[in-house]
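Trainee: Contents of target_18.pdb (PDB, C-alpha atoms, pLDDT in the B column):
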ATOM      1  CA  MET F  29       0.000   0.000   0.000  1.00 68.00           C
ATOM      2  CA  THR F  30       1.108   3.572  -0.568  1.00 80.00           C
ATOM      3  CA  ARG F  31       0.270   6.917   0.981  1.00 86.00           C
ATOM      4  CA  THR F  32      -2.715   8.792  -0.361  1.00 92.00           C
ATOM      5  CA  ILE F  33      -2.356  12.353  -1.609  1.00 96.00           C
ATOM      6  CA  LYS F  34      -4.309  13.545   1.449  1.00 97.00           C
ATOM      7  CA  GLN F  35      -2.030  11.623   3.828  1.00 97.00           C
ATOM      8  CA  LYS F  36       1.046  13.167   2.202  1.00 97.00           C
ATOM      9  CA  ALA F  37      -0.496  16.644   2.440  1.00 98.00           C
ATOM     10  CA  ALA F  38      -1.379  16.051   6.106  1.00 98.00           C
ATOM     11  CA  LEU F  39       2.158  14.859   6.902  1.00 98.00           C
ATOM     12  CA  ASP F  40       3.616  17.897   5.110  1.00 98.00           C
ATOM     13  CA  LYS F  41       1.285  20.169   7.113  1.00 98.00           C
ATOM     14  CA  LEU F  42       2.434  18.581  10.378  1.00 98.00           C
ATOM     15  CA  LEU F  43       6.136  18.797   9.509  1.00 98.00           C
ATOM     16  CA  SER F  44       5.746  22.423   8.437  1.00 98.00           C
ATOM     17  CA  ALA F  45       3.962  23.372  11.674  1.00 98.00           C
ATOM     18  CA  LEU F  46       6.584  21.578  13.765  1.00 98.00           C
ATOM     19  CA  THR F  47       9.148  23.877  12.135  1.00 98.00           C
ATOM     20  CA  THR F  48       7.211  27.150  12.119  1.00 98.00           C
ATOM     21  CA  VAL F  49       5.099  26.875  15.280  1.00 98.00           C
ATOM     22  CA  ARG F  50       7.148  24.594  17.537  1.00 98.00           C
ATOM     23  CA  LYS F  51      10.532  25.774  16.160  1.00 98.00           C
ATOM     24  CA  PHE F  52      11.893  22.244  15.734  1.00 97.00           C
ATOM     25  CA  THR F  53      14.512  22.119  13.015  1.00 93.00           C
ATOM     26  CA  ASP F  54      15.278  19.248  10.657  1.00 92.00           C
ATOM     27  CA  VAL F  55      12.622  16.912  12.078  1.00 96.00           C
ATOM     28  CA  LYS F  56      13.440  13.267  11.421  1.00 97.00           C
ATOM     29  CA  TYR F  57      10.617  10.746  11.200  1.00 97.00           C
ATOM     30  CA  GLU F  58       9.667   7.262  10.098  1.00 96.00           C
ATOM     31  CA  THR F  59       6.440   6.195   8.452  1.00 96.00           C
ATOM     32  CA  ALA F  60       4.640   2.926   7.939  1.00 95.00           C
ATOM     33  CA  VAL F  61       1.570   2.348   5.810  1.00 94.00           C
ATOM     34  CA  THR F  62      -1.133   0.014   7.084  1.00 93.00           C
ATOM     35  CA  PRO F  63      -4.549  -0.581   5.559  1.00 90.00           C
ATOM     36  CA  GLY F  64      -6.159   2.850   5.721  1.00 89.00           C
ATOM     37  CA  LYS F  65      -3.551   4.548   7.936  1.00 96.00           C
ATOM     38  CA  LEU F  66      -0.196   6.258   7.654  1.00 97.00           C
ATOM     39  CA  LEU F  67       1.663   5.824  10.943  1.00 97.00           C
ATOM     40  CA  VAL F  68       4.244   8.487  11.781  1.00 97.00           C
ATOM     41  CA  ARG F  69       6.937   8.330  14.440  1.00 96.00           C
ATOM     42  CA  LEU F  70       8.681  11.633  14.976  1.00 97.00           C
ATOM     43  CA  ARG F  71      12.262  11.463  16.197  1.00 95.00           C
ATOM     44  CA  LEU F  72      11.492  14.011  18.883  1.00 94.00           C
ATOM     45  CA  PRO F  73      11.470  13.377  22.640  1.00 92.00           C
ATOM     46  CA  ASN F  74       8.202  12.098  24.121  1.00 91.00           C
ATOM     47  CA  PHE F  75       6.119  12.293  20.936  1.00 95.00           C
ATOM     48  CA  PRO F  76       3.546   9.510  20.597  1.00 95.00           C
ATOM     49  CA  GLU F  77       2.860   7.743  17.345  1.00 96.00           C
ATOM     50  CA  ILE F  78       0.612   9.748  15.034  1.00 97.00           C
ATOM     51  CA  SER F  79      -1.896   8.118  12.737  1.00 97.00           C
ATOM     52  CA  ILE F  80      -3.134   9.824   9.581  1.00 98.00           C
ATOM     53  CA  GLY F  81      -6.217   8.334   7.950  1.00 97.00           C
ATOM     54  CA  ARG F  82      -6.748   7.966   4.199  1.00 95.00           C
ATOM     55  CA  GLY F  83      -8.677  11.251   4.164  1.00 96.00           C
ATOM     56  CA  GLY F  84      -5.906  13.133   6.014  1.00 97.00           C
ATOM     57  CA  ARG F  85      -7.434  13.031   9.511  1.00 96.00           C
ATOM     58  CA  PHE F  86      -5.097  12.966  12.489  1.00 97.00           C
ATOM     59  CA  ASP F  87      -5.160  10.726  15.574  1.00 96.00           C
ATOM     60  CA  MET F  88      -2.833   9.699  18.394  1.00 95.00           C
ATOM     61  CA  PRO F  89      -3.874   6.157  19.378  1.00 92.00           C
ATOM     62  CA  GLU F  90      -1.654   6.112  22.489  1.00 90.00           C
ATOM     63  CA  ILE F  91      -3.218   9.263  23.988  1.00 90.00           C
ATOM     64  CA  ARG F  92      -6.477   8.696  25.841  1.00 82.00           C
ATOM     65  CA  SER F  93      -8.149  12.027  25.114  1.00 85.00           C
ATOM     66  CA  TYR F  94      -7.600  15.476  23.689  1.00 88.00           C
ATOM     67  CA  ASP F  95      -9.845  18.316  22.595  1.00 85.00           C
ATOM     68  CA  GLN F  96     -11.640  17.958  19.274  1.00 89.00           C
ATOM     69  CA  ILE F  97     -14.224  20.697  19.035  1.00 92.00           C
ATOM     70  CA  LYS F  98     -16.597  19.929  16.176  1.00 91.00           C
ATOM     71  CA  GLY F  99     -16.213  22.435  13.354  1.00 93.00           C
ATOM     72  CA  ALA F 100     -13.228  24.165  15.004  1.00 95.00           C
ATOM     73  CA  SER F 101     -10.222  25.392  13.064  1.00 96.00           C
ATOM     74  CA  ASP F 102      -6.666  24.496  14.002  1.00 96.00           C
ATOM     75  CA  SER F 103      -5.517  26.908  16.716  1.00 96.00           C
ATOM     76  CA  LEU F 104      -1.822  25.909  16.572  1.00 97.00           C
ATOM     77  CA  THR F 105      -1.782  26.198  20.379  1.00 96.00           C
ATOM     78  CA  TYR F 106      -1.733  23.746  23.281  1.00 95.00           C
ATOM     79  CA  PRO F 107      -4.040  22.064  24.218  1.00 92.00           C
ATOM     80  CA  GLY F 108      -5.749  23.131  21.002  1.00 94.00           C
ATOM     81  CA  GLN F 109      -9.146  22.557  19.478  1.00 96.00           C
ATOM     82  CA  THR F 110      -8.500  19.867  16.878  1.00 96.00           C
ATOM     83  CA  ALA F 111      -6.752  16.541  16.494  1.00 96.00           C
ATOM     84  CA  PHE F 112      -4.102  18.322  14.396  1.00 97.00           C
ATOM     85  CA  ASP F 113      -3.403  20.706  17.308  1.00 97.00           C
ATOM     86  CA  ALA F 114      -3.100  17.700  19.615  1.00 96.00           C
ATOM     87  CA  CYS F 115      -0.619  15.995  17.289  1.00 97.00           C
ATOM     88  CA  LEU F 116       1.400  19.196  16.951  1.00 98.00           C
ATOM     89  CA  PHE F 117       1.747  19.228  20.735  1.00 97.00           C
ATOM     90  CA  GLY F 118       1.784  15.446  21.130  1.00 95.00           C
ATOM     91  CA  ASP F 119       4.746  15.543  23.508  1.00 94.00           C
ATOM     92  CA  LYS F 120       2.825  17.747  25.954  1.00 94.00           C
ATOM     93  CA  HIS F 121      -0.240  15.481  25.774  1.00 92.00           C
ATOM     94  CA  ALA F 122       1.931  12.408  26.337  1.00 90.00           C
ATOM     95  CA  LEU F 123       3.564  13.937  29.405  1.00 89.00           C
ATOM     96  CA  ARG F 124       0.211  15.087  30.786  1.00 86.00           C
ATOM     97  CA  CYS F 125      -1.408  11.689  30.266  1.00 81.00           C
ATOM     98  CA  GLY F 126       1.579   9.691  31.424  1.00 73.00           C
ATOM     99  CA  SER F 127       0.999   7.538  28.364  1.00 57.00           C
ATOM    100  CA  GLY F 128       3.388   4.979  27.052  1.00 50.00           C
ATOM    101  CA  ALA F 129       4.428   7.349  24.296  1.00 51.00           C
ATOM    102  CA  TYR F 130       7.120   6.095  22.001  1.00 52.00           C
ATOM    103  CA  ARG F 131      10.535   7.374  23.026  1.00 50.00           C
ATOM    104  CA  TRP F 132      13.539   7.374  20.740  1.00 48.00           C
ATOM    105  CA  LYS F 133      16.613   5.724  22.163  1.00 44.00           C
ATOM    106  CA  SER F 134      19.991   7.359  21.757  1.00 39.00           C
ATOM    107  CA  ASN F 135      22.551   5.264  19.905  1.00 38.00           C
TER     108      ASN F 135
END
Take the structure I supplied and represent it as structure tokens, if you would.
Mentor:
Amino acid sequence: MTRTIKQKAALDKLLSALTTVRKFTDVKYETAVTPGKLLVRLRLPNFPEISIGRGGRFDMPEIRSYDQIKGASDSLTYPGQTAFDACLFGDKHALRCGSGAYRWKSN
């Protein structure tokens, strides 16, 4: 399976916001494609795995809950109003929830 155009656009949007909003530079990541989902692991401390659906919708399966106000626009702030906002600040949600967020190991 391959990424859909909407998944690629969603990933590009996330990577761009990580640079412009969060001020992370040269973000490294890995992706895996499963039926209907693009899984993204950011090589940033404490970020959980991000799932992007075929239509470009964001989710963080390891995080129990985060705000998703119906019809809201991305606020680009924490805790945010949308699933995209939550993914942009996934590290803060992971620390707040004490989830088992994926952590990159130093080599």
Trainee: Applied to the shown file, which residues does the PyMOL selection byres ((chain F and resi 79) around 8) return, written as a PDB file with C-alpha atoms, keeping the file's coordinate frame?
Mentor:
ATOM      1  CA  LYS F  65      -3.551   4.548   7.936  1.00 96.00           C
ATOM      2  CA  LEU F  66      -0.196   6.258   7.654  1.00 97.00           C
ATOM      3  CA  LEU F  67       1.663   5.824  10.943  1.00 97.00           C
ATOM      4  CA  VAL F  68       4.244   8.487  11.781  1.00 97.00           C
ATOM      5  CA  GLU F  77       2.860   7.743  17.345  1.00 96.00           C
ATOM      6  CA  ILE F  78       0.612   9.748  15.034  1.00 97.00           C
ATOM      7  CA  ILE F  80      -3.134   9.824   9.581  1.00 98.00           C
ATOM      8  CA  GLY F  81      -6.217   8.334   7.950  1.00 97.00           C
ATOM      9  CA  PHE F  86      -5.097  12.966  12.489  1.00 97.00           C
ATOM     10  CA  ASP F  87      -5.160  10.726  15.574  1.00 96.00           C
ATOM     11  CA  MET F  88      -2.833   9.699  18.394  1.00 95.00           C
ATOM     12  CA  PRO F  89      -3.874   6.157  19.378  1.00 92.00           C
TER      13      PRO F  89
END
Trainee: Translate the PyMOL selection byres ((chain F and resi 109) around 6), as applied to the file shown, into an explicit residue set as a list in words.
Mentor: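 Residues picked by the PyMOL selection byres ((chain F and resi 109) around 6): Asp95, Gln96, Ile97, Gly108 and Thr110 of chain F.
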Trainee: I need the residue nearest Thr48 (chain F) from this list: F:Arg124, F:Tyr106, F:Pro73, F:Leu116. Use all atoms listed in the file for the distance.
Mentor: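 Nearest candidate to Thr48 (chain F) out of F:Arg124, F:Tyr106, F:Pro73, F:Leu116: F:Leu116.
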Trainee: Have a look at CA of Val49 (chain F) and CA of Arg69 (chain F) and let me know their distance in Å, one decimal.
Mentor: 18.7 Å
Trainee: Given the file shown, enumerate the residues that the PyMOL selection byres ((chain F and resi 34) around 10) captures and present them as a PyMOL selection string.
Mentor: chain F and resi 31-33+35-40+80-85
Trainee: Could you pull the residues within 8 Å of Phe117 (chain F), counting all atoms listed in the file, minus those fewer than 2 positions along the same chain, as an NGL selection string?
Mentor: :F and (105-107 or 113-115 or 119-121)
Trainee: Produce a file of the selected residues containing C-alpha atoms, as a PDB file, in the coordinates of the input.
Mentor:
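Below is the file again33.pdb, written as the result:
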ATOM      1  CA  THR F 105      -1.782  26.198  20.379  1.00 96.00           C
ATOM      2  CA  TYR F 106      -1.733  23.746  23.281  1.00 95.00           C
ATOM      3  CA  PRO F 107      -4.040  22.064  24.218  1.00 92.00           C
ATOM      4  CA  ASP F 113      -3.403  20.706  17.308  1.00 97.00           C
ATOM      5  CA  ALA F 114      -3.100  17.700  19.615  1.00 96.00           C
ATOM      6  CA  CYS F 115      -0.619  15.995  17.289  1.00 97.00           C
ATOM      7  CA  ASP F 119       4.746  15.543  23.508  1.00 94.00           C
ATOM      8  CA  LYS F 120       2.825  17.747  25.954  1.00 94.00           C
ATOM      9  CA  HIS F 121      -0.240  15.481  25.774  1.00 92.00           C
TER      10      HIS F 121
END
Trainee: What is the CA of Ala122 (chain F)-CA of Leu42 (chain F) distance in Å, reported with one decimal?
Mentor: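 Going from CA of Ala122 (chain F) over to CA of Leu42 (chain F), I get 17.1 Å.
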Trainee: Record the distance separating CA of Leu104 (chain F) and CA of Arg50 (chain F), expressed in Å with one decimal.
Mentor: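 Value for the CA of Leu104 (chain F)-CA of Arg50 (chain F) distance: 9.1 Å.
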